[in-house]
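What follows is a single structure, written as C-alpha cells, with notes after it.
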Amino acid sequence: MSRRFLPYLTNLGLLIAAMVLSLAIGSVFIAPENLWQVLRSWLTHSLMPAGLETFAFIITDIRLPRTVLVLLTGAALGGSGTAYQGLFRNPLADPYLIGVASGGGLGAVLAMSIRWPYTFWGMMAVPLSAFLFAMLTVLLVYTLARVGRSVPTTNLILAGVAFSAFATALTSYLIISSEGEVRRALNWLMGGSSQSSWLTVLAILPYLVIGLGFLLFNGHALNLLQFGDDQAQQLGLPVMRTKTLVLVAASLATAAAVSFSGIIGFIGLIVPHVMRLWWGADYRRLLPLSMLAGGSFLILADILARIVMRPQELPVGIVTALAGAPFFLWVLRRAKNQGYW
Amino acid sequence: MGFKALRVEGLTVSYGARLALQDISLEVPRGQVMALIGPNGAGKSTLIRAASGILPLQSGKIRTNGDELTSLPPMQRARCIAVVPQAVALPPAFTVWETVLMGRTPYLNFLGQTSAKDDIIVRRALQRVDALDFADRRVGELSGGEQQRILLARALAQSTPILLLDEPTAHLDMQYQVALMQTVCQLAHEDNLAVMIALHDLNLAARYADSVALLVQGRLEAIGTPIQVLTPERISQAYHLPVQVVSHPFLQVPLILPFDRTASLAGEGRQKGGE
C-alpha cells in the first residue's frame, strides 16, 4: 500500500513545502509562526491578531492568489505536456513545440488588446479566446501535418514550430501596435504572474477543472496509445475519438495556463520526463503526478524570479528556461542508454 | 465443432490506388490453425490487420458468428479477436505485467481499473508462455523472443475465441519457434480457439498448420491442407524459386527445400561420391 501511495505523498509534500516558501518569501519575509496565525484566522473567518494586519493583507490578497495561480498554471502545463507526449508518442512534444501555447497566447493577447472589463465575465473571456485560438491551432497544425490517414510526428512538430513562429510574430505586433493596454500585455509576454488576483484564479479555474479532469480519466487510454494506433484499436480502444478528446482537453488546459501567465517554456517538457524517471511509465499515475510536480516546480521558479533581482521581479519564463534547458539536456543524455521512454 | 468462428467473404482492401487484397474468401473454424503463407508483400499482414477489423474495407465482409466485425465498436471486437503483432518498437518502459494487463482492456471500466479476476487471468497467461519469472522486468530489457512471448500472453489475456498472429516467429531462434508453435497448436486444439497465423517459414506451416492459405500479390492462390497446397509447382511459381518438396522422414507432412542451380550441382556431386 505504502509503495502505491509513496509517489503521491512525495509530490504532495514537495508541493506543500513550495507553497509555504512562496507565502513566506518576498519583498517582506514573513516568519512561519506569523504565516500560520494569519492563515488560521483567514480560514476560520475570525479576527486577525493585532499587529498582523499588514501581513494578512500581503498573504491573502497578494501572495496566496499569486501562489495559487502559479500552482494552477504549472499543473496545467505539466498535465498537458504529459498528455501531448503520450498522444504523439514523442518525448519532445510539449504545448509549445506543437504551437498550441503560442496560438493560445495569440488569442489571449487579442482578447486583452480589446478593452475588456475587469469583471468576472470580462476575465473569463481571455481564457475562452485563448482556448478558441489553441483549438484553431491544433486543427490547422494537424491538417497541415497530415499525410493521408496518418499524422507523422516529424510533420506535426515542423508544422507546430512554423505556426508557433507565425503566432508569436502576430502577438508581438499586436502588443506593439496596441496603445493603452501595452503594459499589461508586455507583462503577460514576459511570463509574469503580475496579473494574479483571486479574479484571475477564478477565471481560469473552470477551464482547468474540465481540461485536467478529463485527462485524469484517460491515463489507461494513453497507456494503450503507446503501442501505436493499430494495437490500441485491437485492444479495444476507439482510437480516433480518444485522441481527439485528449487533444481538446490538453489544449483547454494549455490555453488556461497561457491566458494570464504568458509564455512559460520547458515545464511541459521536463516535468513529465522527471516523473517518468522517478515513478515509471504508467500514465494513470504519470498524469496526476505531473500535475502536482508541475505546480511545485513553477512555484519554486516563481520564488526565484521574485528574489534574484530584488526588488525587481524577473519574468518566471526566464527562470524556467535557464533551469530547464540544461536540465533537459542532462536528462536526454542520461536517458539515452536506459530506454526509459 | 464445425462451427465457423472467423469468416472472410470477398474481401478487397486497397492502400490508395494499390490493391492490397483482392476478393479473399476463407473460413477459420474453431479448433484449427490456418497458416497464411506467401512471398513478401503478398498481403499476409494486411489480411491479419483487416481481419482484426481495423482497416477500412473496399468491399467484402468479415464475420464472427454472424456478426459483421467492422460494424462492432472496438471494445466488442477486442472481446472477439486478439492479435499478436510483430514485436517491434514496443514501449520499453512498461513492465511485463503492465503490458499483459493491457490485454484486459475490453473488460475494464472507464477508469481502467483492474480487479483480482484480471490479475488471475494475467498470471495464467504469463504462465502459459513461460514468462511469469520476469513479470516485473521492463519490456525494454527483454530479448526479441521474450517480447514476442509477452505479446502472445497479452493476446491470451484478452480471452477471445479468435487469435490472429502476424509472423510471430520472425525473430525467434529455433527453440522458441517450436515452443511458440506448440503453444499456438495447443490453443487451437485443446482450448478450441480459431487461429490464423502469418508465417514466413513454410516448414513451420507444413508441420503445425491444419490448413494453409497461399497469398500471391493480394490474391488467394490456393487453400487447403499443407499437403494439398505445398506442391513444388505452386511454391516455385509463387516465390520464383525452384523448390523440392520431399516427405518428412518421420511425420506425414511435406518438407520444402529451396533448390537453386548451384545447390543442385553440389548435391549431385556428393551423391555420386557416395555411390
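Following the order of the C-alpha cells, chains are lettered A, B, ..., residues in each are numbered from 1, and ligands are numbered from 1.
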**OP:** Show which residues sit within 9 Å of Pro161 of chain B, as a PyMOL selection string. Count only C-alpha atoms, and ignore same-chain residues fewer than 2 positions away.
**Re:** chain B and resi 5+30+79-82+159+163+191-195
Run DSSP on the backbone of this structure and report the residues of segment 24-140 of chain A it assigns to alpha helix (DSSP H), as a PDB file with C-alpha atoms, in the first residue's frame.
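And here's states01.pdb as it stands now:
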```pdb
ATOM      1  CA  ALA A  24       6.809  33.378   3.316  1.00  0.00           C
ATOM      2  CA  PRO A  32       6.348  30.755   9.725  1.00  0.00           C
ATOM      3  CA  GLU A  33       4.540  31.356  13.033  1.00  0.00           C
ATOM      4  CA  ASN A  34       3.003  34.581  11.730  1.00  0.00           C
ATOM      5  CA  LEU A  35       2.122  32.856   8.485  1.00  0.00           C
ATOM      6  CA  TRP A  36       0.344  30.127  10.399  1.00  0.00           C
ATOM      7  CA  GLN A  37      -1.581  32.634  12.583  1.00  0.00           C
ATOM      8  CA  VAL A  38      -2.751  34.600   9.560  1.00  0.00           C
ATOM      9  CA  LEU A  39      -3.771  31.542   7.567  1.00  0.00           C
ATOM     10  CA  ARG A  40      -5.661  30.104  10.533  1.00  0.00           C
ATOM     11  CA  SER A  41      -7.636  33.304  11.118  1.00  0.00           C
ATOM     12  CA  TRP A  42      -8.301  33.632   7.400  1.00  0.00           C
ATOM     13  CA  LEU A  43      -9.567  30.097   7.027  1.00  0.00           C
ATOM     14  CA  GLU A  53      -2.992  43.218   9.579  1.00  0.00           C
ATOM     15  CA  THR A  54      -0.295  44.177   7.048  1.00  0.00           C
ATOM     16  CA  PHE A  55       0.977  40.617   6.861  1.00  0.00           C
ATOM     17  CA  ALA A  56      -2.592  39.451   6.498  1.00  0.00           C
ATOM     18  CA  PHE A  57      -3.125  41.732   3.516  1.00  0.00           C
ATOM     19  CA  LEU A  64      -1.854  33.490  -1.845  1.00  0.00           C
ATOM     20  CA  PRO A  65      -3.692  34.278  -5.100  1.00  0.00           C
ATOM     21  CA  ARG A  66      -0.357  34.510  -6.865  1.00  0.00           C
ATOM     22  CA  THR A  67       0.794  31.173  -5.469  1.00  0.00           C
ATOM     23  CA  VAL A  68      -2.489  29.528  -6.419  1.00  0.00           C
ATOM     24  CA  LEU A  69      -2.388  30.969  -9.933  1.00  0.00           C
ATOM     25  CA  VAL A  70       1.196  29.792 -10.385  1.00  0.00           C
ATOM     26  CA  LEU A  71       0.277  26.386  -8.991  1.00  0.00           C
ATOM     27  CA  LEU A  72      -2.634  26.032 -11.417  1.00  0.00           C
ATOM     28  CA  THR A  73      -0.529  27.198 -14.348  1.00  0.00           C
ATOM     29  CA  GLY A  74       2.235  24.735 -13.520  1.00  0.00           C
ATOM     30  CA  ALA A  75      -0.257  21.900 -13.055  1.00  0.00           C
ATOM     31  CA  ALA A  76      -1.859  22.701 -16.401  1.00  0.00           C
ATOM     32  CA  LEU A  77       1.482  22.761 -18.215  1.00  0.00           C
ATOM     33  CA  GLY A  78       2.710  19.577 -16.510  1.00  0.00           C
ATOM     34  CA  GLY A  79      -0.544  17.745 -17.193  1.00  0.00           C
ATOM     35  CA  SER A  80      -0.967  18.843 -20.788  1.00  0.00           C
ATOM     36  CA  GLY A  81       2.724  18.204 -21.502  1.00  0.00           C
ATOM     37  CA  THR A  82       2.293  14.627 -20.288  1.00  0.00           C
ATOM     38  CA  ALA A  83      -0.804  14.225 -22.438  1.00  0.00           C
ATOM     39  CA  TYR A  84       0.906  15.584 -25.571  1.00  0.00           C
ATOM     40  CA  GLN A  85       3.940  13.354 -25.046  1.00  0.00           C
ATOM     41  CA  GLY A  86       1.703  10.332 -24.677  1.00  0.00           C
ATOM     42  CA  LEU A  87      -0.559  11.299 -27.543  1.00  0.00           C
ATOM     43  CA  PHE A  88       2.215  11.844 -30.058  1.00  0.00           C
ATOM     44  CA  VAL A 100      -0.763  25.284 -29.100  1.00  0.00           C
ATOM     45  CA  ALA A 101       0.675  27.605 -26.457  1.00  0.00           C
ATOM     46  CA  SER A 102       1.646  30.289 -28.947  1.00  0.00           C
ATOM     47  CA  GLY A 103      -1.713  30.012 -30.686  1.00  0.00           C
ATOM     48  CA  GLY A 104      -3.494  30.269 -27.358  1.00  0.00           C
ATOM     49  CA  GLY A 105      -1.280  33.187 -26.403  1.00  0.00           C
ATOM     50  CA  LEU A 106      -2.269  34.999 -29.580  1.00  0.00           C
ATOM     51  CA  GLY A 107      -5.910  34.519 -28.628  1.00  0.00           C
ATOM     52  CA  ALA A 108      -5.287  35.807 -25.111  1.00  0.00           C
ATOM     53  CA  VAL A 109      -3.473  38.942 -26.303  1.00  0.00           C
ATOM     54  CA  LEU A 110      -6.167  39.558 -28.889  1.00  0.00           C
ATOM     55  CA  ALA A 111      -8.780  39.459 -26.142  1.00  0.00           C
ATOM     56  CA  MET A 112      -6.649  41.717 -23.935  1.00  0.00           C
ATOM     57  CA  SER A 113      -5.974  44.256 -26.674  1.00  0.00           C
ATOM     58  CA  PHE A 120     -15.507  38.031 -13.763  1.00  0.00           C
ATOM     59  CA  TRP A 121     -17.064  37.614 -17.209  1.00  0.00           C
ATOM     60  CA  GLY A 122     -14.582  40.004 -18.741  1.00  0.00           C
ATOM     61  CA  MET A 123     -11.785  37.949 -17.256  1.00  0.00           C
ATOM     62  CA  MET A 124     -13.368  34.693 -18.382  1.00  0.00           C
ATOM     63  CA  ALA A 125     -13.234  35.952 -21.974  1.00  0.00           C
ATOM     64  CA  VAL A 126      -9.427  35.853 -22.028  1.00  0.00           C
ATOM     65  CA  PRO A 127      -9.034  32.098 -21.472  1.00  0.00           C
ATOM     66  CA  LEU A 128     -12.017  31.487 -23.744  1.00  0.00           C
ATOM     67  CA  SER A 129     -10.375  33.362 -26.577  1.00  0.00           C
ATOM     68  CA  ALA A 130      -7.092  31.594 -25.807  1.00  0.00           C
ATOM     69  CA  PHE A 131      -8.880  28.241 -25.971  1.00  0.00           C
ATOM     70  CA  LEU A 132     -10.559  29.023 -29.290  1.00  0.00           C
ATOM     71  CA  PHE A 133      -7.220  30.004 -30.788  1.00  0.00           C
ATOM     72  CA  ALA A 134      -5.493  26.985 -29.265  1.00  0.00           C
ATOM     73  CA  MET A 135      -8.090  24.693 -30.848  1.00  0.00           C
ATOM     74  CA  LEU A 136      -7.768  26.516 -34.140  1.00  0.00           C
ATOM     75  CA  THR A 137      -4.020  25.988 -33.935  1.00  0.00           C
ATOM     76  CA  VAL A 138      -4.406  22.281 -33.235  1.00  0.00           C
ATOM     77  CA  LEU A 139      -6.780  21.904 -36.185  1.00  0.00           C
ATOM     78  CA  LEU A 140      -4.530  23.854 -38.513  1.00  0.00           C
TER      79      LEU A 140
END
```
**OP:** Name all residues at most 9 Å from Ala135 of chain B (count only C-alpha atoms; drop same-chain ones fewer than 5 positions away) and give them as an MDAnalysis selection string.
**Re:** chainID B and resid 95:98 123 126
Non-local contacts of Lys117 of chain B (12 Å; only C-alpha atoms; under 3 positions in same chain excluded) as a PDB file with N, CA and C atoms, in the first residue's frame:
```pdb
ATOM      1  N   LEU B 101      -1.354  -6.933 -18.769  1.00  0.00           N
ATOM      2  CA  LEU B 101      -2.608  -6.466 -18.171  1.00  0.00           C
ATOM      3  C   LEU B 101      -3.423  -5.627 -19.169  1.00  0.00           C
ATOM      4  N   ARG B 104      -6.472  -6.889 -20.898  1.00  0.00           N
ATOM      5  CA  ARG B 104      -7.783  -6.913 -20.229  1.00  0.00           C
ATOM      6  C   ARG B 104      -8.613  -5.665 -20.555  1.00  0.00           C
ATOM      7  N   TYR B 107     -12.426  -5.407 -20.989  1.00  0.00           N
ATOM      8  CA  TYR B 107     -13.300  -5.780 -19.873  1.00  0.00           C
ATOM      9  C   TYR B 107     -13.238  -4.771 -18.727  1.00  0.00           C
ATOM     10  N   LEU B 108     -12.469  -3.697 -18.896  1.00  0.00           N
ATOM     11  CA  LEU B 108     -12.286  -2.747 -17.795  1.00  0.00           C
ATOM     12  C   LEU B 108     -13.348  -1.652 -17.823  1.00  0.00           C
ATOM     13  N   GLN B 113      -9.643   0.519 -14.238  1.00  0.00           N
ATOM     14  CA  GLN B 113      -9.281  -0.195 -13.013  1.00  0.00           C
ATOM     15  C   GLN B 113      -9.353  -1.700 -13.245  1.00  0.00           C
ATOM     16  N   THR B 114      -8.387  -2.412 -12.708  1.00  0.00           N
ATOM     17  CA  THR B 114      -8.392  -3.855 -12.856  1.00  0.00           C
ATOM     18  C   THR B 114      -8.827  -4.513 -11.552  1.00  0.00           C
ATOM     19  N   ILE B 120      -5.673 -12.741 -11.968  1.00  0.00           N
ATOM     20  CA  ILE B 120      -5.594 -14.195 -12.131  1.00  0.00           C
ATOM     21  C   ILE B 120      -5.412 -14.553 -13.600  1.00  0.00           C
ATOM     22  N   ILE B 121      -6.177 -13.890 -14.467  1.00  0.00           N
ATOM     23  CA  ILE B 121      -6.106 -14.189 -15.899  1.00  0.00           C
ATOM     24  C   ILE B 121      -4.732 -13.827 -16.459  1.00  0.00           C
ATOM     25  N   VAL B 122      -4.190 -12.694 -16.016  1.00  0.00           N
ATOM     26  CA  VAL B 122      -2.865 -12.278 -16.494  1.00  0.00           C
ATOM     27  C   VAL B 122      -1.802 -13.270 -16.032  1.00  0.00           C
ATOM     28  N   ARG B 123      -1.913 -13.693 -14.772  1.00  0.00           N
ATOM     29  CA  ARG B 123      -0.954 -14.668 -14.233  1.00  0.00           C
ATOM     30  C   ARG B 123      -0.976 -15.957 -15.058  1.00  0.00           C
ATOM     31  N   ARG B 124      -2.188 -16.412 -15.372  1.00  0.00           N
ATOM     32  CA  ARG B 124      -2.327 -17.644 -16.153  1.00  0.00           C
ATOM     33  C   ARG B 124      -1.716 -17.475 -17.553  1.00  0.00           C
ATOM     34  N   ALA B 157      -4.616 -12.868 -22.604  1.00  0.00           N
ATOM     35  CA  ALA B 157      -5.334 -12.178 -21.536  1.00  0.00           C
ATOM     36  C   ALA B 157      -6.635 -11.572 -22.063  1.00  0.00           C
TER      37      ALA B 157
END
```
**OP:** Give as a VMD selection string every residue of chain A that touches chain B within 10 Å, counting only C-alpha atoms.
**Re:** chain A and resid 89 148 216 to 221 223 to 239 276 to 277 280 to 282 284 338 to 341
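Summary of the local environment: counting only C-alpha atoms, residues at most 8 Å from Ala20 of chain B, other than itself and those fewer than 6 positions away along its chain, are Thr12, Val13, Ser14, Ala42, Gly43, Thr46, Gln217 and Gly218 of chain B.
Taking atom CA of Gln22 of chain B as the reference point, atom CA of Gln86 of chain B is found at 23.8 Å.
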**OP:** Tell me, as a PyMOL selection string, which residues lie within 12 Å of Leu230 of chain B, counting only C-alpha atoms; anything in the same chain fewer than 2 positions away does not count.
**Re:** chain B and resi 35-38+202-207+209+211-214+221-228+232-239+243-247+253-257
**OP:** Please provide as a ChimeraX atom specification all residues within 7 Å of Glu167 of chain B, with the sequence filter that same-chain residues fewer than 5 positions apart are discarded (counting only C-alpha atoms).
**Re:** /B:86,197-200
